[in-house]
$ cat final38.cif   # mmCIF, C-alpha atoms
data_upload
loop_
_atom_site.group_PDB
_atom_site.id
_atom_site.type_symbol
_atom_site.label_atom_id
_atom_site.label_comp_id
_atom_site.auth_asym_id
_atom_site.auth_seq_id
_atom_site.Cartn_x
_atom_site.Cartn_y
_atom_site.Cartn_z
ATOM 1 C CA MET A 1216 148.944 215.147 145.763
ATOM 2 C CA VAL A 1217 145.677 213.292 145.936
ATOM 3 C CA GLY A 1218 146.092 213.070 149.697
ATOM 4 C CA SER A 1219 146.370 216.824 150.089
ATOM 5 C CA ALA A 1220 143.456 217.439 147.720
ATOM 6 C CA HIS A 1221 141.399 215.063 149.840
ATOM 7 C CA LYS A 1222 142.353 216.921 152.975
ATOM 8 C CA ASP A 1223 141.301 220.181 151.332
ATOM 9 C CA ILE A 1224 137.928 218.661 150.526
ATOM 10 C CA ASP A 1225 137.486 217.473 154.102
ATOM 11 C CA ARG A 1226 138.398 220.883 155.416
ATOM 12 C CA MET A 1227 136.078 222.712 153.014
ATOM 13 C CA VAL A 1228 133.070 220.556 153.899
ATOM 14 C CA ASP A 1229 133.778 220.764 157.637
ATOM 15 C CA ALA A 1230 134.325 224.511 157.598
ATOM 16 C CA HIS A 1231 131.462 225.614 155.348
ATOM 17 C CA GLY A 1232 128.989 222.734 155.011
ATOM 18 C CA ASP A 1233 126.755 223.686 157.927
ATOM 19 C CA TYR A 1234 126.656 227.358 156.995
ATOM 20 C CA LEU A 1235 125.751 226.653 153.366
ATOM 21 C CA PHE A 1236 123.151 224.122 154.455
ATOM 22 C CA ARG A 1237 121.441 226.683 156.681
ATOM 23 C CA PHE A 1238 121.630 229.306 153.927
ATOM 24 C CA ALA A 1239 119.837 226.863 151.615
ATOM 25 C CA MET A 1240 117.343 225.594 154.216
ATOM 26 C CA LEU A 1241 116.232 229.127 154.904
ATOM 27 C CA ARG A 1242 115.198 229.397 151.273
ATOM 28 C CA VAL A 1243 114.036 225.981 150.148
ATOM 29 C CA HIS A 1244 112.562 224.644 153.424
ATOM 30 C CA ASN A 1245 113.461 221.054 152.525
ATOM 31 C CA GLN A 1246 116.391 219.094 153.965
ATOM 32 C CA THR A 1247 116.980 216.801 150.983
ATOM 33 C CA VAL A 1248 116.870 219.658 148.487
ATOM 34 C CA ALA A 1249 119.123 221.802 150.689
ATOM 35 C CA ARG A 1250 121.640 218.969 151.079
ATOM 36 C CA ASP A 1251 121.780 218.412 147.310
ATOM 37 C CA LEU A 1252 122.214 222.132 146.669
ATOM 38 C CA VAL A 1253 125.159 222.207 149.076
ATOM 39 C CA GLN A 1254 126.761 219.197 147.407
ATOM 40 C CA ASP A 1255 126.268 220.734 143.946
ATOM 41 C CA THR A 1256 127.806 223.947 145.216
ATOM 42 C CA PHE A 1257 130.934 222.145 146.426
ATOM 43 C CA LEU A 1258 131.172 220.246 143.141
ATOM 44 C CA ALA A 1259 130.920 223.462 141.134
ATOM 45 C CA ALA A 1260 133.453 225.109 143.434
ATOM 46 C CA LEU A 1261 135.977 222.305 142.875
ATOM 47 C CA LYS A 1262 135.526 222.555 139.121
ATOM 48 C CA SER A 1263 136.065 226.299 139.063
ATOM 49 C CA ILE A 1264 138.533 226.611 141.931
ATOM 50 C CA ASP A 1265 141.008 228.177 139.479
ATOM 51 C CA THR A 1266 138.709 231.148 139.078
ATOM 52 C CA TYR A 1267 138.760 231.863 142.821
ATOM 53 C CA ARG A 1268 141.125 234.772 143.086
ATOM 54 C CA GLY A 1269 141.130 235.165 146.798
ATOM 55 C CA ALA A 1270 139.700 238.658 146.410
ATOM 56 C CA SER A 1271 136.618 237.655 148.378
ATOM 57 C CA VAL A 1272 136.420 235.522 151.462
ATOM 58 C CA PHE A 1273 136.162 231.879 150.434
ATOM 59 C CA ARG A 1274 132.808 231.451 152.169
ATOM 60 C CA THR A 1275 131.398 234.459 150.323
ATOM 61 C CA TRP A 1276 132.574 232.961 147.053
ATOM 62 C CA LEU A 1277 130.908 229.626 147.887
ATOM 63 C CA THR A 1278 127.714 231.428 148.911
ATOM 64 C CA GLY A 1279 127.666 233.173 145.535
ATOM 65 C CA ILE A 1280 127.725 229.789 143.798
ATOM 66 C CA LEU A 1281 124.992 228.489 146.095
ATOM 67 C CA LYS A 1282 122.799 231.521 145.343
ATOM 68 C CA ASN A 1283 122.881 230.668 141.647
ATOM 69 C CA LYS A 1284 122.004 227.044 142.403
ATOM 70 C CA ILE A 1285 119.058 228.215 144.487
ATOM 71 C CA ILE A 1286 117.773 230.442 141.676
ATOM 72 C CA ASP A 1287 117.976 227.452 139.306
ATOM 73 C CA HIS A 1288 115.973 225.506 141.847
ATOM 74 C CA TYR A 1289 113.343 228.273 142.098
ATOM 75 C CA ARG A 1290 113.006 228.272 138.320
ATOM 76 C CA LYS A 1291 112.669 224.530 138.106
ATOM 77 C CA SER A 1292 110.085 224.329 140.859
ATOM 78 C CA ALA A 1293 108.076 227.178 139.336
ATOM 79 C CA ARG A 1294 108.050 225.241 136.050
ATOM 80 C CA ASN A 1295 107.168 221.933 137.654
ATOM 81 C CA GLU A 1296 104.536 223.104 140.080
ATOM 82 C CA GLU A 1297 103.017 225.692 137.798
ATOM 83 C CA ILE A 1298 101.225 228.368 139.687
ATOM 84 C CA THR A 1299 98.043 226.642 140.712
ATOM 85 C CA LEU A 1300 94.764 228.281 141.491
ATOM 86 C CA SER A 1301 95.100 227.343 145.150
ATOM 87 C CA ASP A 1302 98.228 229.489 145.347
ATOM 88 C CA LEU A 1303 96.190 232.454 144.245
ATOM 89 C CA VAL A 1304 92.875 232.001 145.958
ATOM 90 C CA ASP A 1305 92.505 232.093 149.671
ATOM 91 C CA GLU A 1306 89.525 229.848 150.082
ATOM 92 C CA ASP A 1307 89.316 229.962 153.817
ATOM 93 C CA ASP A 1308 88.903 233.690 154.084
ATOM 94 C CA ARG A 1309 86.381 234.642 156.680
ATOM 95 C CA ASP A 1310 88.231 237.699 157.923
ATOM 96 C CA PHE A 1311 86.017 239.986 155.871
ATOM 97 C CA ASP A 1312 82.244 240.324 155.745
ATOM 98 C CA GLU A 1313 80.173 240.298 152.549
ATOM 99 C CA SER A 1314 80.990 243.946 151.875
ATOM 100 C CA GLY A 1315 84.724 243.239 152.195
ATOM 101 C CA HIS A 1316 85.250 244.939 155.560
ATOM 102 C CA TRP A 1317 87.008 243.370 158.552
ATOM 103 C CA ARG A 1318 84.716 241.360 160.793
ATOM 104 C CA MET A 1319 84.903 243.001 164.199
ATOM 105 C CA ASP A 1320 86.219 239.866 165.903
ATOM 106 C CA ARG A 1321 88.766 239.045 163.203
ATOM 107 C CA GLY A 1322 90.486 242.358 162.543
ATOM 108 C CA PRO A 1323 94.212 242.763 163.331
ATOM 109 C CA MET A 1324 94.884 242.951 167.074
ATOM 110 C CA ASP A 1325 97.004 245.520 168.850
ATOM 111 C CA TRP A 1326 100.613 244.218 168.885
ATOM 112 C CA GLY A 1327 101.717 246.651 171.575
ATOM 113 C CA ASP A 1328 103.894 249.737 171.342
ATOM 114 C CA HIS A 1329 107.177 248.221 170.193
ATOM 115 C CA PRO A 1330 106.594 244.847 168.565
ATOM 116 C CA GLU A 1331 109.930 245.108 166.731
ATOM 117 C CA ALA A 1332 111.747 244.988 170.095
ATOM 118 C CA ARG A 1333 110.739 241.347 170.467
ATOM 119 C CA LEU A 1334 111.943 240.222 167.052
ATOM 120 C CA HIS A 1335 115.442 239.259 168.149
ATOM 121 C CA GLN A 1336 114.235 236.671 170.639
ATOM 122 C CA ALA A 1337 115.290 233.146 169.683
ATOM 123 C CA GLU A 1338 111.815 231.833 170.365
ATOM 124 C CA PHE A 1339 110.361 234.311 167.882
ATOM 125 C CA LEU A 1340 112.565 233.004 165.073
ATOM 126 C CA LYS A 1341 111.287 229.484 165.701
ATOM 127 C CA ILE A 1342 107.706 230.679 165.454
ATOM 128 C CA LEU A 1343 108.430 232.649 162.289
ATOM 129 C CA LYS A 1344 110.010 229.562 160.754
ATOM 130 C CA ALA A 1345 106.987 227.428 161.675
ATOM 131 C CA CYS A 1346 104.691 230.051 160.127
ATOM 132 C CA LEU A 1347 106.785 230.167 156.936
ATOM 133 C CA ASP A 1348 106.570 226.395 156.659
ATOM 134 C CA LEU A 1349 102.777 226.664 156.473
ATOM 135 C CA LEU A 1350 102.847 228.686 153.249
ATOM 136 C CA PRO A 1351 102.076 226.783 150.027
ATOM 137 C CA GLY A 1352 105.189 226.051 147.895
ATOM 138 C CA ALA A 1353 104.994 228.686 145.187
ATOM 139 C CA VAL A 1354 103.807 231.342 147.630
ATOM 140 C CA ALA A 1355 106.748 230.604 149.928
ATOM 141 C CA THR A 1356 109.158 230.751 146.988
ATOM 142 C CA VAL A 1357 108.123 234.184 145.727
ATOM 143 C CA PHE A 1358 107.968 235.583 149.254
ATOM 144 C CA THR A 1359 111.475 234.278 150.031
ATOM 145 C CA MET A 1360 112.849 235.709 146.797
ATOM 146 C CA ARG A 1361 111.296 239.065 147.531
ATOM 147 C CA GLU A 1362 111.917 239.429 151.257
ATOM 148 C CA MET A 1363 115.038 237.405 151.855
ATOM 149 C CA ASP A 1364 116.999 237.534 148.639
ATOM 150 C CA GLY A 1365 115.921 241.076 147.859
ATOM 151 C CA PHE A 1366 114.849 240.440 144.274
ATOM 152 C CA ASN A 1367 112.670 243.208 142.908
ATOM 153 C CA SER A 1368 109.308 242.404 141.382
ATOM 154 C CA ASP A 1369 110.493 242.616 137.763
ATOM 155 C CA GLU A 1370 113.291 240.157 138.441
ATOM 156 C CA ILE A 1371 110.926 237.626 140.005
ATOM 157 C CA ILE A 1372 108.471 237.984 137.123
ATOM 158 C CA GLN A 1373 111.258 237.309 134.644
ATOM 159 C CA GLU A 1374 112.927 234.478 136.537
ATOM 160 C CA LEU A 1375 109.712 232.579 137.242
ATOM 161 C CA LYS A 1376 107.813 233.629 134.127
ATOM 162 C CA ILE A 1377 104.690 234.682 135.983
ATOM 163 C CA THR A 1378 102.481 237.729 135.505
ATOM 164 C CA ALA A 1379 102.754 240.802 137.684
ATOM 165 C CA SER A 1380 99.238 240.426 139.018
ATOM 166 C CA ASN A 1381 99.855 236.791 139.997
ATOM 167 C CA LEU A 1382 102.973 237.925 141.818
ATOM 168 C CA TRP A 1383 101.091 240.636 143.774
ATOM 169 C CA VAL A 1384 98.403 238.160 144.727
ATOM 170 C CA MET A 1385 100.903 235.576 145.962
ATOM 171 C CA LEU A 1386 102.938 238.107 147.941
ATOM 172 C CA HIS A 1387 99.737 239.460 149.453
ATOM 173 C CA ARG A 1388 98.675 235.980 150.385
ATOM 174 C CA ALA A 1389 102.056 235.238 151.986
ATOM 175 C CA ARG A 1390 102.011 238.396 154.090
ATOM 176 C CA LYS A 1391 98.409 237.947 155.077
ATOM 177 C CA GLY A 1392 99.015 234.362 156.195
ATOM 178 C CA LEU A 1393 102.228 235.188 158.044
ATOM 179 C CA ARG A 1394 100.718 238.204 159.791
ATOM 180 C CA LYS A 1395 97.877 236.103 161.020
ATOM 181 C CA CYS A 1396 100.103 233.220 162.087
ATOM 182 C CA LEU A 1397 102.446 235.544 164.007
ATOM 183 C CA GLU A 1398 99.482 237.185 165.666
ATOM 184 C CA SER A 1399 97.997 233.940 166.913
ATOM 185 C CA GLU A 1400 101.327 232.331 167.862
ATOM 186 C CA TRP A 1401 103.323 235.265 169.124
ATOM 187 C CA PHE A 1402 102.095 238.841 169.298
ATOM 188 C CA GLY A 1403 98.552 238.081 170.309
ATOM 189 C CA ALA A 1404 99.401 235.054 172.428
ATOM 190 C CA GLU A 1405 100.580 237.143 175.376
ATOM 191 C CA SER A 1406 97.772 239.636 175.552
ATOM 192 C CA LYS A 1407 95.119 236.938 175.707
ATOM 193 C CA MET B 730 84.150 256.651 143.536
ATOM 194 C CA GLY B 731 82.816 254.143 146.071
ATOM 195 C CA THR B 732 84.666 253.623 149.307
ATOM 196 C CA PRO B 733 87.177 250.797 148.826
ATOM 197 C CA SER B 734 86.728 247.798 151.107
ATOM 198 C CA CYS B 735 89.290 246.638 153.664
ATOM 199 C CA GLU B 736 89.872 243.602 151.473
ATOM 200 C CA VAL B 737 90.979 245.852 148.609
ATOM 201 C CA ILE B 738 93.011 248.101 150.885
ATOM 202 C CA THR B 739 94.960 245.213 152.480
ATOM 203 C CA HIS B 740 95.847 244.027 148.994
ATOM 204 C CA LYS B 741 97.031 247.505 148.018
ATOM 205 C CA ILE B 742 99.041 247.853 151.223
ATOM 206 C CA SER B 743 100.907 244.663 150.361
ATOM 207 C CA GLU B 744 101.469 245.880 146.798
ATOM 208 C CA SER B 745 102.888 249.148 148.084
ATOM 209 C CA LEU B 746 105.809 247.120 149.477
ATOM 210 C CA ASP B 747 106.639 245.720 146.035
ATOM 211 C CA HIS B 748 106.208 248.519 143.537
ATOM 212 C CA PRO B 749 105.373 252.223 143.496
ATOM 213 C CA LEU B 750 101.608 252.744 143.566
ATOM 214 C CA SER B 751 99.742 255.396 141.630
ATOM 215 C CA ARG B 752 98.966 258.658 143.413
ATOM 216 C CA LYS B 753 95.336 257.692 143.501
ATOM 217 C CA ASP B 754 96.093 254.399 145.248
ATOM 218 C CA ARG B 755 98.422 256.041 147.746
ATOM 219 C CA LEU B 756 95.776 258.604 148.603
ATOM 220 C CA MET B 757 93.164 255.872 148.871
ATOM 221 C CA ILE B 758 95.296 253.971 151.415
ATOM 222 C CA ARG B 759 96.024 257.108 153.419
ATOM 223 C CA LEU B 760 92.396 258.163 153.644
ATOM 224 C CA HIS B 761 91.220 254.681 154.479
ATOM 225 C CA THR B 762 93.801 253.978 157.203
ATOM 226 C CA TYR B 763 93.024 257.368 158.740
ATOM 227 C CA SER B 764 89.612 256.151 159.728
ATOM 228 C CA CYS B 765 90.058 252.351 159.835
ATOM 229 C CA ILE B 766 92.077 251.127 162.819
ATOM 230 C CA PHE B 767 92.229 247.557 161.506
ATOM 231 C CA CYS B 768 93.784 248.524 158.185
ATOM 232 C CA ALA B 769 96.106 250.996 159.933
ATOM 233 C CA ARG B 770 97.314 248.152 162.166
ATOM 234 C CA TYR B 771 97.563 245.859 159.172
ATOM 235 C CA ARG B 772 99.912 248.305 157.462
ATOM 236 C CA GLN B 773 102.076 248.704 160.577
ATOM 237 C CA GLN B 774 102.227 244.971 161.082
ATOM 238 C CA LEU B 775 103.345 244.245 157.514
ATOM 239 C CA LEU B 776 106.253 246.603 158.162
ATOM 240 C CA VAL B 777 107.085 244.665 161.339
ATOM 241 C CA LEU B 778 106.918 241.452 159.310
ATOM 242 C CA HIS B 779 109.310 242.938 156.762
ATOM 243 C CA GLU B 780 111.738 243.838 159.546
ATOM 244 C CA ALA B 781 111.330 240.348 161.020
ATOM 245 C CA MET B 782 112.226 238.713 157.711
ATOM 246 C CA ASN B 783 115.378 240.825 157.445
ATOM 247 C CA ARG B 784 116.515 239.726 160.886
ATOM 248 C CA TYR B 785 115.594 236.147 160.217
ATOM 249 C CA ALA B 786 117.679 236.086 157.024
ATOM 250 C CA VAL B 787 120.710 237.334 158.946
ATOM 251 C CA GLN B 788 120.286 235.274 162.099
ATOM 252 C CA TYR B 789 119.206 231.915 160.747
ATOM 253 C CA PRO B 790 122.500 231.028 158.987
ATOM 254 C CA GLN B 791 124.265 231.663 162.323
ATOM 255 C CA THR B 792 122.012 229.253 164.221
ATOM 256 C CA GLU B 793 124.321 226.582 165.523
ATOM 257 C CA ASP B 794 121.798 223.834 166.130
ATOM 258 C CA ILE B 795 120.858 223.347 162.466
ATOM 259 C CA GLY B 796 123.378 221.664 160.220
ATOM 260 C CA LEU B 797 124.416 218.627 158.227
ATOM 261 C CA SER B 798 124.798 215.375 160.121
ATOM 262 C CA GLU B 799 128.277 213.861 160.305
ATOM 263 C CA GLU B 800 127.031 211.027 158.129
ATOM 264 C CA THR B 801 125.816 213.427 155.436
ATOM 265 C CA LYS B 802 129.104 215.310 155.524
ATOM 266 C CA GLU B 803 131.005 212.079 154.972
ATOM 267 C CA GLN B 804 128.733 211.193 152.039
ATOM 268 C CA ILE B 805 129.340 214.584 150.474
ATOM 269 C CA LYS B 806 133.105 214.280 150.981
ATOM 270 C CA GLU B 807 133.128 210.848 149.343
ATOM 271 C CA LYS B 808 131.146 212.137 146.395
ATOM 272 C CA LEU B 809 133.457 215.133 145.955
ATOM 273 C CA LYS B 810 136.574 212.976 146.103
ATOM 274 C CA LYS B 811 135.166 210.594 143.529
ATOM 275 C CA GLU B 812 134.191 213.393 141.155
ATOM 276 C CA ASN B 813 137.425 215.263 141.684
ATOM 277 C CA LEU B 814 139.743 212.429 140.568
#
$ encode --input "final38.cif" --output "structure tokens"
Amino acid sequence: MVGSAHKDIDRMVDAHGDYLFRFAMLRVHNQTVARDLVQDTFLAALKSIDTYRGASVFRTWLTGILKNKIIDHYRKSARNEEITLSDLVDEDDRDFDESGHWRMDRGPMDWGDHPEARLHQAEFLKILKACLDLLPGAVATVFTMREMDGFNSDEIIQELKITASNLWVMLHRARKGLRKCLESEWFGAESK
Amino acid sequence: MGTPSCEVITHKISESLDHPLSRKDRLMIRLHTYSCIFCARYRQQLLVLHEAMNRYAVQYPQTEDIGLSEETKEQIKEKLKKENL
């Protein structure tokens, strides 16, 4: 009995461990945290295995548990980190002149006619990941919740207990930083 | 009403992706991007970024070369077996 349960555990970890780890890494950008989230997910799955009805694919069911663990993690990190001033203020902002207009040499470059056609390239995903890793913690968290997990603004405000205007500022900062990073590392790199 | 700066417009463009803007703000963005190539590009490029994030979210979990090490898997298995007694 124990032997077969042990085999089931081995099989579950071998079959789904890597997938769940990547799902978590994509959102928390930290190997140790992602590993712990995966382990907690398996533990929770074992405890509630009786509630798995087989109606959904087993991996989908596990992913659902992991999603909840990730939201708990978002909440905790928002509480611990607080939203600091540096998450809200872009100190190194020389893109605009004193009147708030783009400096001629720092305005967005032309990305070509069909920039979206190059998004599926494997190399592009690596660059995007590197750019995401540069975002400050809380900024990365809200941007991931919004763009990858598809939370709407009200949900993020409630989950993380932040104000709407702080949320807009952080999302703006994330997009601004990513746009610039992609331009210098990818879209603009070729036309230079 | 003074002409809004590019700094304000870029902020509003980002906001427009997260919640419905007022009519006044929408009009402000449209008028501004009509005559400002940088802000027009900025808007286009945020949409490309949005599309990129969607693809990334789908493709990343399929990437074979990122995963748990064998050692980590064994540690997790041990932990699960211990807890599951």
$ closest_residue --input "final38.cif" --among "B:Leu750, B:Gln788, B:Leu756, B:Tyr763" --to "chain A" --atoms "all atoms listed in the file"
B:Gln788
$ atom_distance --input "final38.cif" --atom1 "atom CA of A:Leu1281" --atom2 "atom CA of A:Thr1256"
5.4 Å
$ residues_around --input "final38.cif" --residues "B:His761" --least-positions-apart "3" --cutoff "10 Å" --atoms "only C-alpha atoms" --output "compact mmCIF listing (two decimals) with C-alpha atoms, keeping the file's coordinate frame"
# COMPACT_ATOMS: atom_id res chain seq x y z
CA THR B 732 84.67 253.62 149.31
CA PRO B 733 87.18 250.80 148.83
CA SER B 734 86.73 247.80 151.11
CA CYS B 735 89.29 246.64 153.66
CA ILE B 738 93.01 248.10 150.88
CA ARG B 755 98.42 256.04 147.75
CA LEU B 756 95.78 258.60 148.60
CA MET B 757 93.16 255.87 148.87
CA ILE B 758 95.30 253.97 151.42
CA SER B 764 89.61 256.15 159.73
CA CYS B 765 90.06 252.35 159.84
CA ILE B 766 92.08 251.13 162.82
CA CYS B 768 93.78 248.52 158.18
CA ALA B 769 96.11 251.00 159.93
$ interface_residues --input "final38.cif" --of "chain A" --to "chain B" --cutoff "7 Å" --atoms "all atoms listed in the file" --output "PyMOL selection string"
chain A and resi 1221+1224-1225+1228+1232-1234+1236-1238+1254+1258+1311+1314-1317+1322-1323+1331+1334+1340+1362-1363+1368+1383+1387+1390+1394
$ atom_distance --input "final38.cif" --atom1 "atom CA of A:Ala1293" --atom2 "atom CA of A:Gln1373"
11.6 Å
$ decode --input "final38.cif" --residues "stretch 1366-1393 of chain A" --atoms "C-alpha atoms" --output "PDB file, in the first residue's frame"
ATOM      1  CA  PHE A1366      -6.300  39.939 -13.021  1.00  0.00           C
ATOM      2  CA  ASN A1367      -8.262  43.129 -13.529  1.00  0.00           C
ATOM      3  CA  SER A1368      -7.247  46.293 -11.731  1.00  0.00           C
ATOM      4  CA  ASP A1369      -9.896  46.022  -9.001  1.00  0.00           C
ATOM      5  CA  GLU A1370      -8.785  42.505  -8.146  1.00  0.00           C
ATOM      6  CA  ILE A1371      -5.146  43.548  -7.808  1.00  0.00           C
ATOM      7  CA  ILE A1372      -6.093  46.532  -5.649  1.00  0.00           C
ATOM      8  CA  GLN A1373      -8.064  44.258  -3.342  1.00  0.00           C
ATOM      9  CA  GLU A1374      -5.563  41.411  -3.204  1.00  0.00           C
ATOM     10  CA  LEU A1375      -2.545  43.621  -2.534  1.00  0.00           C
ATOM     11  CA  LYS A1376      -4.343  46.362  -0.621  1.00  0.00           C
ATOM     12  CA  ILE A1377      -2.873  49.198  -2.646  1.00  0.00           C
ATOM     13  CA  THR A1378      -4.526  52.318  -4.031  1.00  0.00           C
ATOM     14  CA  ALA A1379      -5.651  52.601  -7.625  1.00  0.00           C
ATOM     15  CA  SER A1380      -3.278  55.448  -8.364  1.00  0.00           C
ATOM     16  CA  ASN A1381      -0.302  53.503  -6.982  1.00  0.00           C
ATOM     17  CA  LEU A1382      -1.298  50.609  -9.207  1.00  0.00           C
ATOM     18  CA  TRP A1383      -1.459  52.811 -12.344  1.00  0.00           C
ATOM     19  CA  VAL A1384       1.919  54.297 -11.542  1.00  0.00           C
ATOM     20  CA  MET A1385       3.549  50.898 -11.048  1.00  0.00           C
ATOM     21  CA  LEU A1386       2.034  49.421 -14.208  1.00  0.00           C
ATOM     22  CA  HIS A1387       3.122  52.497 -16.137  1.00  0.00           C
ATOM     23  CA  ARG A1388       6.600  52.162 -14.761  1.00  0.00           C
ATOM     24  CA  ALA A1389       6.752  48.466 -15.693  1.00  0.00           C
ATOM     25  CA  ARG A1390       5.644  49.086 -19.268  1.00  0.00           C
ATOM     26  CA  LYS A1391       7.908  52.061 -19.684  1.00  0.00           C
ATOM     27  CA  GLY A1392      10.930  50.113 -18.442  1.00  0.00           C
ATOM     28  CA  LEU A1393      10.139  47.027 -20.507  1.00  0.00           C
TER      29      LEU A1393
END
